[in-house]
Number of protein chains: 2
Amino acid sequence: METFVVAVDLGGTQVRSAAITAGGQISARTVIPTPVQEGPQAVIAAVIEAAGKVIDQGQASRPAAIGLGAPGPVDPQTGTIFFPPNLPGWGERSIMDPVRQAFQCPVFVGNDANVAALGEQRFGAGGGVAHLVYVTVSTGIGGGIVSDGRLLTGRRGFAAEIGHQTLVPDGPLCGCGQPGHLEALAAGPAIARMAREGIADGGSSSLTDLGKDLDQLTAADVAQAAASGDELSIQVYRRAGFYIGLGLTNLIHILEPELILIGGGVTRAGALLFDPIRQTVDERVMSDIFRVIKILPAALGEDVGLFGAAALALVGVEQG
Amino acid sequence: METFVVAVDLGGTQVRSAAITAGGQISARTVIPTPVQEGPQAVIAAVIEAAGKVIDQGQASRPAAIGLGAPGPVDPQTGTIFFPPNLPGWGERSIMDPVRQAFQCPVFVGNDANVAALGEQRFGAGGGVAHLVYVTVSTGIGGGIVSDGRLLTGRRGFAAEIGHQTLVPDGPLCGCGQPGHLEALAAGPAIARMAREGIADGGSSSLTDLGKDLDQLTAADVAQAAASGDELSIQVYRRAGFYIGLGLTNLIHILEPELILIGGGVTRAGALLFDPIRQTVDERVMSDIFRVIKILPAALGEDVGLFGAAALALVGVEQG
């Protein structure tokens with residue numbers, strides 16, 4: 001029987017779980033709500049329930065390991081999750097110990113955006129390359145770094161905060177409280193904000209015809225308007241793409257990956273976002289030797305967290 | 001007899017070489033001029049001459065390996081150095097093959113700033129920590145990254161271009177031709193330029209009493225004036241330190257090292273530079289979890305290239 005692992009994607013609203021083979025086949029999957037309001041013990045119980053369900057459903061044998069992607073900073077050694085923003089009351093607590101106790105098998109834990117890089121590398125658009133950066137652009141900007149085939153975690157698992165690079169020293173405030181980070185310049189809320197500001201500054205835009213309070217505008221609204229030819233919205237995406245391109249150029253100079261994959265909800269805008277990103281990188285790299293690095297859409301969509309957790313577990317098993 | 005390696009630091013003006021034991025003892029050393037004007041073959045011959053001298057002088061036995069630090073981008077697999085700015089006419093050429101042929105032992109080649117990180121980690125101020133960033137601030141800003149005990153080289157050996165991160169999208173032009181890089185905002189020439197600009201803008205400074213053409217001002221002049229209380233010079237260093245601090249904060253968020261070491265001629269300014277660097281990092285990190293990262297002066301001074309090349313060779317030998 002082919003090796004399989006159980007992958008758990010612990011999110012702020014859902015706990016998703018799947019039994020996944022070493023070849024990337026999903027043989028069972030489940031989703032249950034995250035009982036955030038009931039506190040950490042209930043969340044841990046939900047993780048154990050979700051993992052147990054896919055083991056019972058899909059497989060007679062036991063999984064080789066359990067991989068778990070979690071929000072917030074994660075110490076991969078201890079499985080401690082530190083103050084995850086989406087799990088209020090969690091504090092500093094290990095998810096590894098209770099899950100290991102429940103299933104008596106190895107458990108590997110990583111930050112969800114970090115392990116997504118492993119998932120794309122192994123099962124998605126990464127094609128197994130050894131040097132890869134994965135970036136997710138949605139409400140925030142996060143990511144993961146694979147260097148020489150291994151996840152770059154930093155000393156305690158806090159590395160790859162890709163969205164928190166300063167690109168404009170006195171720029172708009174980021175959710176983290178610091179000014180001018182990539183996330184504050186180009187994530188979904190920044191796209192909506194730039195559109196709002198453009199309209200407030202007297203710009204003409206079909207966005208005002210939506211009958212929506214401007215405060216309710218989303219990046220998706222702006223993308224739709226841009227697709228219909230709204231010039232203000234096109235410029236907003238160009239600006240977001242410019243900043244993402246600058247941030248990627250920094251990562252290219254620091255990490256020299258072979259490939260950069262970009263996922264997350266905001267990438268549904270397609271060429272509207274990818275064109276200015278690629279143009280900026282092409283203009284801003286310091287030398288032709290960096291101009292060969294490919295920038296492509298990620299492939300795994302909503303399942304990237306599951307495949308990432310599975311890849312983490314499989315790498316853990318392979319490395320003994 | 002203790003293992004020893006031969007280290008070669010190939011620079012634009014000198015080829016330095018030493019026989020260094022696994023424990024970091026130098027048993028022989030030599031320096032010869034780099035015959036830059038005579039072309040690549042003469043430079044290669046000089047490298048072989050310098051290595052041969054320390055073997056003859058210091059040791060009866062053969063070295064376990066030869067480590068070589070070279071300017072410019074280096075492919076660690078092939079030992080190819082790509083268009084090194086200080087070795088005109090070099091083109092794309094391997095230094096590994098001819099040296100290996102001459103000595104019939106393993107040869108390891110790395111970018112000089114990259115291997116310096118390994119040297120500081122193993123023999124300098126690094127104390128053997130597994131996650132370390134080394135930054136050198138002199139005419140340019142370069143560096144090296146050690147992640148999980150290994151040199152982060154990127155796909156082809158071009159990573160760790162630490163000075164080429166954009167911090168001000170429309171900032172002053174860098175030597176590489178791109179705007180607003182850390183190097184253009186805070187390396188030696190930038191410090192001299194900021195002082196010049198401050199004086200040209202009507203600022204009063206004791207630098208005008210040096211009897212020097214303002215175009216000839218150096219970062220060392222500015223440091224000396226600052227040490228004597230010249231306010232304009234102090235502000236210039238504060239500004240350079242601010243930008244270095246921003247760049248280090250980006251690296252902290254991306255790499256989460258345990259320790260950052262700063263070397264290079266400009267660090268002779270001491271607290272004048274280190275105080276604003278540390279203050280900026282302390283203010284700009286996104287979370288307390290990053291506030292434990294230490295920022296210290298590098299320890300190996302002018303020998304960092306030799307110790308780096310030795311560390312590269314020793315790691316190579318140890319990893320088989």
# chains A, B, ... in the order shown; residues from 1 in each chain; ligands from 1

call {"tool": "residues_around", "arguments": {"residues": "stretch 238-245 of chain B", "least_positions_apart": "4", "cutoff": "7 Å", "atoms": "only C-alpha atoms", "output": "PDB file with C-alpha atoms, in the first residue's frame"}}
result
ATOM      1  CA  LEU B 182      20.455  50.200   0.287  1.00  0.00           C
ATOM      2  CA  LEU B 185      21.719  55.084   0.496  1.00  0.00           C
ATOM      3  CA  ALA B 186      24.276  53.974   3.080  1.00  0.00           C
ATOM      4  CA  ILE B 191      27.906  58.865   3.310  1.00  0.00           C
ATOM      5  CA  ILE B 234      26.536  62.990  12.979  1.00  0.00           C
ATOM      6  CA  THR B 249      14.789  44.677   9.370  1.00  0.00           C
ATOM      7  CA  LEU B 273      26.800  53.859  12.910  1.00  0.00           C
ATOM      8  CA  PHE B 274      25.721  51.006  15.182  1.00  0.00           C
ATOM      9  CA  PRO B 276      21.116  54.293  14.686  1.00  0.00           C
ATOM     10  CA  ILE B 277      21.166  50.820  13.116  1.00  0.00           C
ATOM     11  CA  ARG B 278      20.075  49.160  16.350  1.00  0.00           C
ATOM     12  CA  THR B 280      15.944  51.553  13.689  1.00  0.00           C
ATOM     13  CA  VAL B 281      15.727  47.765  13.891  1.00  0.00           C
TER      14      VAL B 281
END

call {"tool": "residues_around", "arguments": {"residues": "A:Pro172", "least_positions_apart": "2", "cutoff": "9 Å", "atoms": "only C-alpha atoms", "output": "list in words"}}
result
Val168, Asp170, Cys174, Gln178, Pro179, Gly180, His181, Ala184 and Leu185 of chain A

call {"tool": "residues_around", "arguments": {"residues": "A:Val285", "least_positions_apart": "4", "cutoff": "10 Å", "atoms": "only C-alpha atoms", "output": "ChimeraX atom specification"}}
result
/A:245-246,248-250,252-253,280-281,289-291 /B:164-165,176-178

call {"tool": "closest_atom_pairs", "arguments": {"of": "chain A", "to": "chain B", "cutoff": "7 Å", "atoms": "only C-alpha atoms", "output": "Markdown table"}}
result
| residue | atom | partner | partner_atom | distance |
| --- | --- | --- | --- | --- |
| A:His131 | CA | B:Arg155 | CA | 6.0 |
| A:Ser147 | CA | B:Gly154 | CA | 6.9 |
| A:Gly154 | CA | B:Glu256 | CA | 4.5 |
| A:Arg155 | CA | B:Pro257 | CA | 5.7 |
| A:Phe158 | CA | B:Glu256 | CA | 6.1 |
| A:Ala159 | CA | B:Leu255 | CA | 4.8 |
| A:Ala160 | CA | B:Ile254 | CA | 4.3 |
| A:Glu161 | CA | B:His253 | CA | 5.1 |
| A:Ile162 | CA | B:Ile254 | CA | 5.9 |
| A:His164 | CA | B:His253 | CA | 6.6 |
| A:Gln165 | CA | B:Asn250 | CA | 4.9 |
| A:Thr166 | CA | B:Leu167 | CA | 6.5 |
| A:Leu167 | CA | B:Leu167 | CA | 5.0 |
| A:Val168 | CA | B:Val168 | CA | 5.7 |
| A:Pro169 | CA | B:Leu167 | CA | 7.0 |
| A:Cys176 | CA | B:Met286 | CA | 5.8 |
| A:Gln178 | CA | B:Arg284 | CA | 6.4 |
| A:Asn250 | CA | B:Gln165 | CA | 4.9 |
| A:His253 | CA | B:Glu161 | CA | 5.1 |
| A:Ile254 | CA | B:Ala160 | CA | 4.3 |
| A:Leu255 | CA | B:Ala159 | CA | 4.8 |
| A:Glu256 | CA | B:Gly154 | CA | 4.5 |
| A:Pro257 | CA | B:Arg155 | CA | 5.7 |
| A:Glu258 | CA | B:Arg155 | CA | 6.1 |
| A:Arg284 | CA | B:Gln178 | CA | 6.4 |
| A:Met286 | CA | B:Cys176 | CA | 5.8 |

call {"tool": "select_by_dssp", "arguments": {"residues": "stretch 74-210 of chain B", "states": "helix (DSSP H, G or I)", "output": "PyMOL selection string"}}
result
chain B and resi 96-103+112-123+162-164+182-186+188-200+206-210

call {"tool": "write_last_selection", "arguments": {"atoms": "C-alpha atoms", "output": "PDB file, in the first residue's frame"}}
result
ATOM      1  CA  MET B  96      38.229  25.853  -9.999  1.00  0.00           C
ATOM      2  CA  ASP B  97      39.524  23.713 -12.858  1.00  0.00           C
ATOM      3  CA  PRO B  98      43.056  25.127 -13.227  1.00  0.00           C
ATOM      4  CA  VAL B  99      43.634  25.232  -9.457  1.00  0.00           C
ATOM      5  CA  ARG B 100      42.438  21.654  -9.063  1.00  0.00           C
ATOM      6  CA  GLN B 101      44.712  20.556 -11.878  1.00  0.00           C
ATOM      7  CA  ALA B 102      47.680  22.303 -10.311  1.00  0.00           C
ATOM      8  CA  PHE B 103      47.262  20.791  -6.839  1.00  0.00           C
ATOM      9  CA  ASP B 112      34.007  36.613  -1.220  1.00  0.00           C
ATOM     10  CA  ALA B 113      31.203  38.308   0.741  1.00  0.00           C
ATOM     11  CA  ASN B 114      29.249  35.038   0.910  1.00  0.00           C
ATOM     12  CA  VAL B 115      32.146  33.019   2.271  1.00  0.00           C
ATOM     13  CA  ALA B 116      32.949  35.810   4.745  1.00  0.00           C
ATOM     14  CA  ALA B 117      29.676  34.885   6.453  1.00  0.00           C
ATOM     15  CA  LEU B 118      30.956  31.327   6.883  1.00  0.00           C
ATOM     16  CA  GLY B 119      34.295  32.663   8.145  1.00  0.00           C
ATOM     17  CA  GLU B 120      32.675  34.854  10.808  1.00  0.00           C
ATOM     18  CA  GLN B 121      30.327  32.034  11.758  1.00  0.00           C
ATOM     19  CA  ARG B 122      33.115  29.528  12.316  1.00  0.00           C
ATOM     20  CA  PHE B 123      36.137  31.597  13.332  1.00  0.00           C
ATOM     21  CA  ILE B 162      22.006  42.333   0.470  1.00  0.00           C
ATOM     22  CA  GLY B 163      22.954  45.840  -0.662  1.00  0.00           C
ATOM     23  CA  HIS B 164      20.658  45.656  -3.649  1.00  0.00           C
ATOM     24  CA  LEU B 182      20.455  50.200   0.287  1.00  0.00           C
ATOM     25  CA  GLU B 183      23.986  50.439  -1.127  1.00  0.00           C
ATOM     26  CA  ALA B 184      23.214  53.795  -2.759  1.00  0.00           C
ATOM     27  CA  LEU B 185      21.719  55.084   0.496  1.00  0.00           C
ATOM     28  CA  ALA B 186      24.276  53.974   3.080  1.00  0.00           C
ATOM     29  CA  GLY B 188      30.801  54.803   2.018  1.00  0.00           C
ATOM     30  CA  PRO B 189      30.223  56.857  -1.135  1.00  0.00           C
ATOM     31  CA  ALA B 190      26.637  57.579  -0.041  1.00  0.00           C
ATOM     32  CA  ILE B 191      27.906  58.865   3.310  1.00  0.00           C
ATOM     33  CA  ALA B 192      30.354  61.181   1.550  1.00  0.00           C
ATOM     34  CA  ARG B 193      27.617  62.286  -0.860  1.00  0.00           C
ATOM     35  CA  MET B 194      25.136  63.075   1.920  1.00  0.00           C
ATOM     36  CA  ALA B 195      27.769  65.207   3.682  1.00  0.00           C
ATOM     37  CA  ARG B 196      28.556  67.020   0.427  1.00  0.00           C
ATOM     38  CA  GLU B 197      24.879  67.625  -0.233  1.00  0.00           C
ATOM     39  CA  GLY B 198      24.330  68.897   3.305  1.00  0.00           C
ATOM     40  CA  ILE B 199      27.132  71.428   2.871  1.00  0.00           C
ATOM     41  CA  ALA B 200      25.949  72.390  -0.623  1.00  0.00           C
ATOM     42  CA  SER B 206      33.777  71.391  10.233  1.00  0.00           C
ATOM     43  CA  LEU B 207      34.315  69.329   7.063  1.00  0.00           C
ATOM     44  CA  THR B 208      34.748  72.606   5.176  1.00  0.00           C
ATOM     45  CA  ASP B 209      37.806  73.340   7.357  1.00  0.00           C
ATOM     46  CA  LEU B 210      39.683  70.289   6.073  1.00  0.00           C
TER      47      LEU B 210
END

call {"tool": "closest_atom_pairs", "arguments": {"of": "stretch 75-112 of chain A", "to": "stretch 32-51 of chain A", "cutoff": "7 Å", "atoms": "only C-alpha atoms", "output": "CSV"}}
result
residue,atom,partner,partner_atom,distance
A:Leu87,CA,A:Val36,CA,6.0
A:Gly89,CA,A:Gly39,CA,6.4
A:Trp90,CA,A:Pro40,CA,5.5
A:Ile95,CA,A:Ile44,CA,6.9
A:Val99,CA,A:Ile48,CA,6.2

call {"tool": "atom_distance", "arguments": {"atom1": "atom CA of B:Ala311", "atom2": "atom CA of B:Ala125"}}
result
13.8 Å

call {"tool": "select_by_dssp", "arguments": {"residues": "stretch 216-313 of chain B", "states": "strand (DSSP E)", "output": "list in words"}}
result
Leu259, Ile260, Leu261, Ile262, Gly263, Lys294, Ile295, Leu296 and Pro297 of chain B

call {"tool": "closest_residue", "arguments": {"among": "A:Asp282, A:Asp201, A:Asp303, A:Glu92", "to": "A:Gly72", "atoms": "only C-alpha atoms"}}
result
A:Glu92

call {"tool": "residues_around", "arguments": {"residues": "A:Ala223", "least_positions_apart": "5", "cutoff": "9 Å", "atoms": "only C-alpha atoms", "output": "JSON list (two decimals) with all heavy atoms, in the first residue's frame"}}
result
[["chain", "number", "residue", "atom", "x", "y", "z"],
["A", 218, "THR", "N", -14.08, 46.19, -2.73],
["A", 218, "THR", "CA", -13.08, 45.12, -2.54],
["A", 218, "THR", "C", -12.12, 45.10, -3.73],
["A", 218, "THR", "O", -12.41, 45.69, -4.79],
["A", 218, "THR", "CB", -13.76, 43.74, -2.46],
["A", 218, "THR", "OG1", -14.37, 43.46, -3.73],
["A", 218, "THR", "CG2", -14.81, 43.71, -1.36],
["A", 228, "SER", "N", -13.37, 45.54, -17.28],
["A", 228, "SER", "CA", -14.32, 46.20, -18.17],
["A", 228, "SER", "C", -13.74, 47.49, -18.75],
["A", 228, "SER", "O", -14.46, 48.29, -19.34],
["A", 228, "SER", "CB", -15.61, 46.53, -17.42],
["A", 228, "SER", "OG", -16.11, 45.40, -16.75],
["A", 233, "SER", "N", -9.16, 51.85, -12.26],
["A", 233, "SER", "CA", -8.95, 50.52, -11.67],
["A", 233, "SER", "C", -7.73, 49.83, -12.26],
["A", 233, "SER", "O", -6.97, 49.14, -11.56],
["A", 233, "SER", "CB", -10.20, 49.65, -11.87],
["A", 233, "SER", "OG", -11.31, 50.24, -11.22],
["A", 234, "ILE", "N", -7.52, 49.99, -13.57],
["A", 234, "ILE", "CA", -6.34, 49.41, -14.22],
["A", 234, "ILE", "C", -5.07, 50.00, -13.59],
["A", 234, "ILE", "O", -4.12, 49.29, -13.28],
["A", 234, "ILE", "CB", -6.37, 49.68, -15.75],
["A", 234, "ILE", "CG1", -7.52, 48.90, -16.39],
["A", 234, "ILE", "CG2", -5.04, 49.33, -16.39],
["A", 234, "ILE", "CD1", -7.79, 49.25, -17.85],
["A", 237, "TYR", "N", -4.30, 48.51, -10.14],
["A", 237, "TYR", "CA", -3.63, 47.21, -10.23],
["A", 237, "TYR", "C", -2.19, 47.34, -10.71],
["A", 237, "TYR", "O", -1.31, 46.59, -10.29],
["A", 237, "TYR", "CB", -4.43, 46.24, -11.11],
["A", 237, "TYR", "CG", -5.37, 45.39, -10.27],
["A", 237, "TYR", "CD1", -6.66, 45.81, -10.01],
["A", 237, "TYR", "CD2", -4.93, 44.20, -9.70],
["A", 237, "TYR", "CE1", -7.50, 45.06, -9.20],
["A", 237, "TYR", "CE2", -5.76, 43.45, -8.89],
["A", 237, "TYR", "CZ", -7.04, 43.88, -8.65],
["A", 237, "TYR", "OH", -7.86, 43.14, -7.83],
["A", 266, "VAL", "N", -6.17, 37.57, -4.67],
["A", 266, "VAL", "CA", -5.96, 38.73, -5.53],
["A", 266, "VAL", "C", -5.42, 38.35, -6.90],
["A", 266, "VAL", "O", -5.61, 39.07, -7.88],
["A", 266, "VAL", "CB", -5.04, 39.75, -4.81],
["A", 266, "VAL", "CG1", -4.65, 40.91, -5.72],
["A", 266, "VAL", "CG2", -5.74, 40.30, -3.56],
["A", 268, "ARG", "N", -6.56, 36.24, -8.83],
["A", 268, "ARG", "CA", -7.64, 35.98, -9.79],
["A", 268, "ARG", "C", -7.72, 37.09, -10.84],
["A", 268, "ARG", "O", -8.30, 36.90, -11.90],
["A", 268, "ARG", "CB", -8.98, 35.84, -9.06],
["A", 268, "ARG", "CG", -9.09, 34.53, -8.30],
["A", 268, "ARG", "CD", -10.50, 34.21, -7.85],
["A", 268, "ARG", "NE", -10.44, 33.36, -6.66],
["A", 268, "ARG", "CZ", -10.75, 33.78, -5.43],
["A", 268, "ARG", "NH1", -11.21, 35.00, -5.22],
["A", 268, "ARG", "NH2", -10.62, 32.97, -4.40],
["A", 269, "ALA", "N", -7.13, 38.25, -10.53],
["A", 269, "ALA", "CA", -7.11, 39.34, -11.50],
["A", 269, "ALA", "C", -6.24, 39.01, -12.71],
["A", 269, "ALA", "O", -6.29, 39.72, -13.72],
["A", 269, "ALA", "CB", -6.61, 40.63, -10.83],
["A", 272, "LEU", "N", -3.82, 41.39, -15.35],
["A", 272, "LEU", "CA", -3.95, 42.74, -14.77],
["A", 272, "LEU", "C", -2.91, 42.94, -13.67],
["A", 272, "LEU", "O", -2.36, 44.04, -13.50],
["A", 272, "LEU", "CB", -5.36, 42.81, -14.17],
["A", 272, "LEU", "CG", -5.97, 44.13, -13.80],
["A", 272, "LEU", "CD1", -6.07, 45.03, -15.02],
["A", 272, "LEU", "CD2", -7.37, 43.88, -13.21]]

call {"tool": "residues_around", "arguments": {"residues": "B:Ser27", "least_positions_apart": "2", "cutoff": "9 Å", "atoms": "only C-alpha atoms", "output": "ChimeraX atom specification"}}
result
/B:18-21,25,29,54,57-59

call {"tool": "write_last_selection", "arguments": {"atoms": "all heavy atoms", "output": "short mmCIF file (atom, residue, chain, number, x, y, z; two decimals), in the first residue's frame"}}
result
data_model
loop_
_atom_site.label_atom_id
_atom_site.label_comp_id
_atom_site.auth_asym_id
_atom_site.auth_seq_id
_atom_site.Cartn_x
_atom_site.Cartn_y
_atom_site.Cartn_z
N ALA B 18 46.68 31.73 2.69
CA ALA B 18 47.14 31.26 4.00
C ALA B 18 46.87 29.77 4.13
O ALA B 18 45.92 29.25 3.54
CB ALA B 18 46.44 32.01 5.13
N ALA B 19 47.72 29.09 4.91
CA ALA B 19 47.44 27.72 5.33
C ALA B 19 46.78 27.82 6.70
O ALA B 19 47.32 28.45 7.62
CB ALA B 19 48.73 26.91 5.41
N ILE B 20 45.58 27.28 6.83
CA ILE B 20 44.78 27.45 8.04
C ILE B 20 44.30 26.09 8.53
O ILE B 20 43.80 25.28 7.74
CB ILE B 20 43.56 28.38 7.77
CG1 ILE B 20 44.05 29.76 7.28
CG2 ILE B 20 42.68 28.53 9.01
CD1 ILE B 20 42.95 30.78 7.03
N THR B 21 44.47 25.84 9.82
CA THR B 21 44.04 24.55 10.37
C THR B 21 42.54 24.56 10.63
O THR B 21 41.89 25.61 10.65
CB THR B 21 44.74 24.27 11.71
OG1 THR B 21 44.29 25.23 12.67
CG2 THR B 21 46.25 24.34 11.58
N GLN B 25 44.01 28.12 13.11
CA GLN B 25 45.38 28.63 13.24
C GLN B 25 45.99 28.87 11.85
O GLN B 25 45.93 27.99 10.99
CB GLN B 25 46.27 27.63 13.99
CG GLN B 25 45.89 27.45 15.44
CD GLN B 25 46.04 28.75 16.23
OE1 GLN B 25 47.05 29.42 16.13
NE2 GLN B 25 45.01 29.10 16.99
N ARG B 29 51.37 32.42 5.58
CA ARG B 29 50.54 33.31 4.77
C ARG B 29 51.40 34.07 3.78
O ARG B 29 52.60 34.23 3.98
CB ARG B 29 49.73 34.27 5.65
CG ARG B 29 50.56 35.20 6.52
CD ARG B 29 49.69 35.92 7.55
NE ARG B 29 48.61 36.65 6.93
CZ ARG B 29 47.49 37.05 7.58
NH1 ARG B 29 47.33 36.77 8.87
NH2 ARG B 29 46.57 37.71 6.95
N VAL B 54 52.24 29.01 0.29
CA VAL B 54 51.91 28.69 1.69
C VAL B 54 51.99 27.19 1.95
O VAL B 54 52.23 26.78 3.08
CB VAL B 54 50.53 29.25 2.12
CG1 VAL B 54 50.53 30.77 2.03
CG2 VAL B 54 49.40 28.64 1.33
N GLN B 57 55.80 26.71 2.39
CA GLN B 57 56.29 27.33 3.62
C GLN B 57 55.88 26.58 4.87
O GLN B 57 56.67 26.32 5.76
CB GLN B 57 55.68 28.74 3.79
CG GLN B 57 56.36 29.85 3.07
CD GLN B 57 55.53 31.12 3.20
OE1 GLN B 57 54.93 31.39 4.24
NE2 GLN B 57 55.50 31.89 2.14
N GLY B 58 54.57 26.28 4.91
CA GLY B 58 54.03 25.98 6.23
C GLY B 58 53.90 24.51 6.57
O GLY B 58 53.89 24.14 7.73
N GLN B 59 53.81 23.66 5.57
CA GLN B 59 53.34 22.32 5.87
C GLN B 59 54.10 21.31 5.05
O GLN B 59 54.38 21.53 3.88
CB GLN B 59 51.85 22.21 5.51
CG GLN B 59 50.97 23.22 6.19
CD GLN B 59 50.73 22.89 7.65
OE1 GLN B 59 50.99 21.76 8.09
NE2 GLN B 59 50.25 23.85 8.41
#
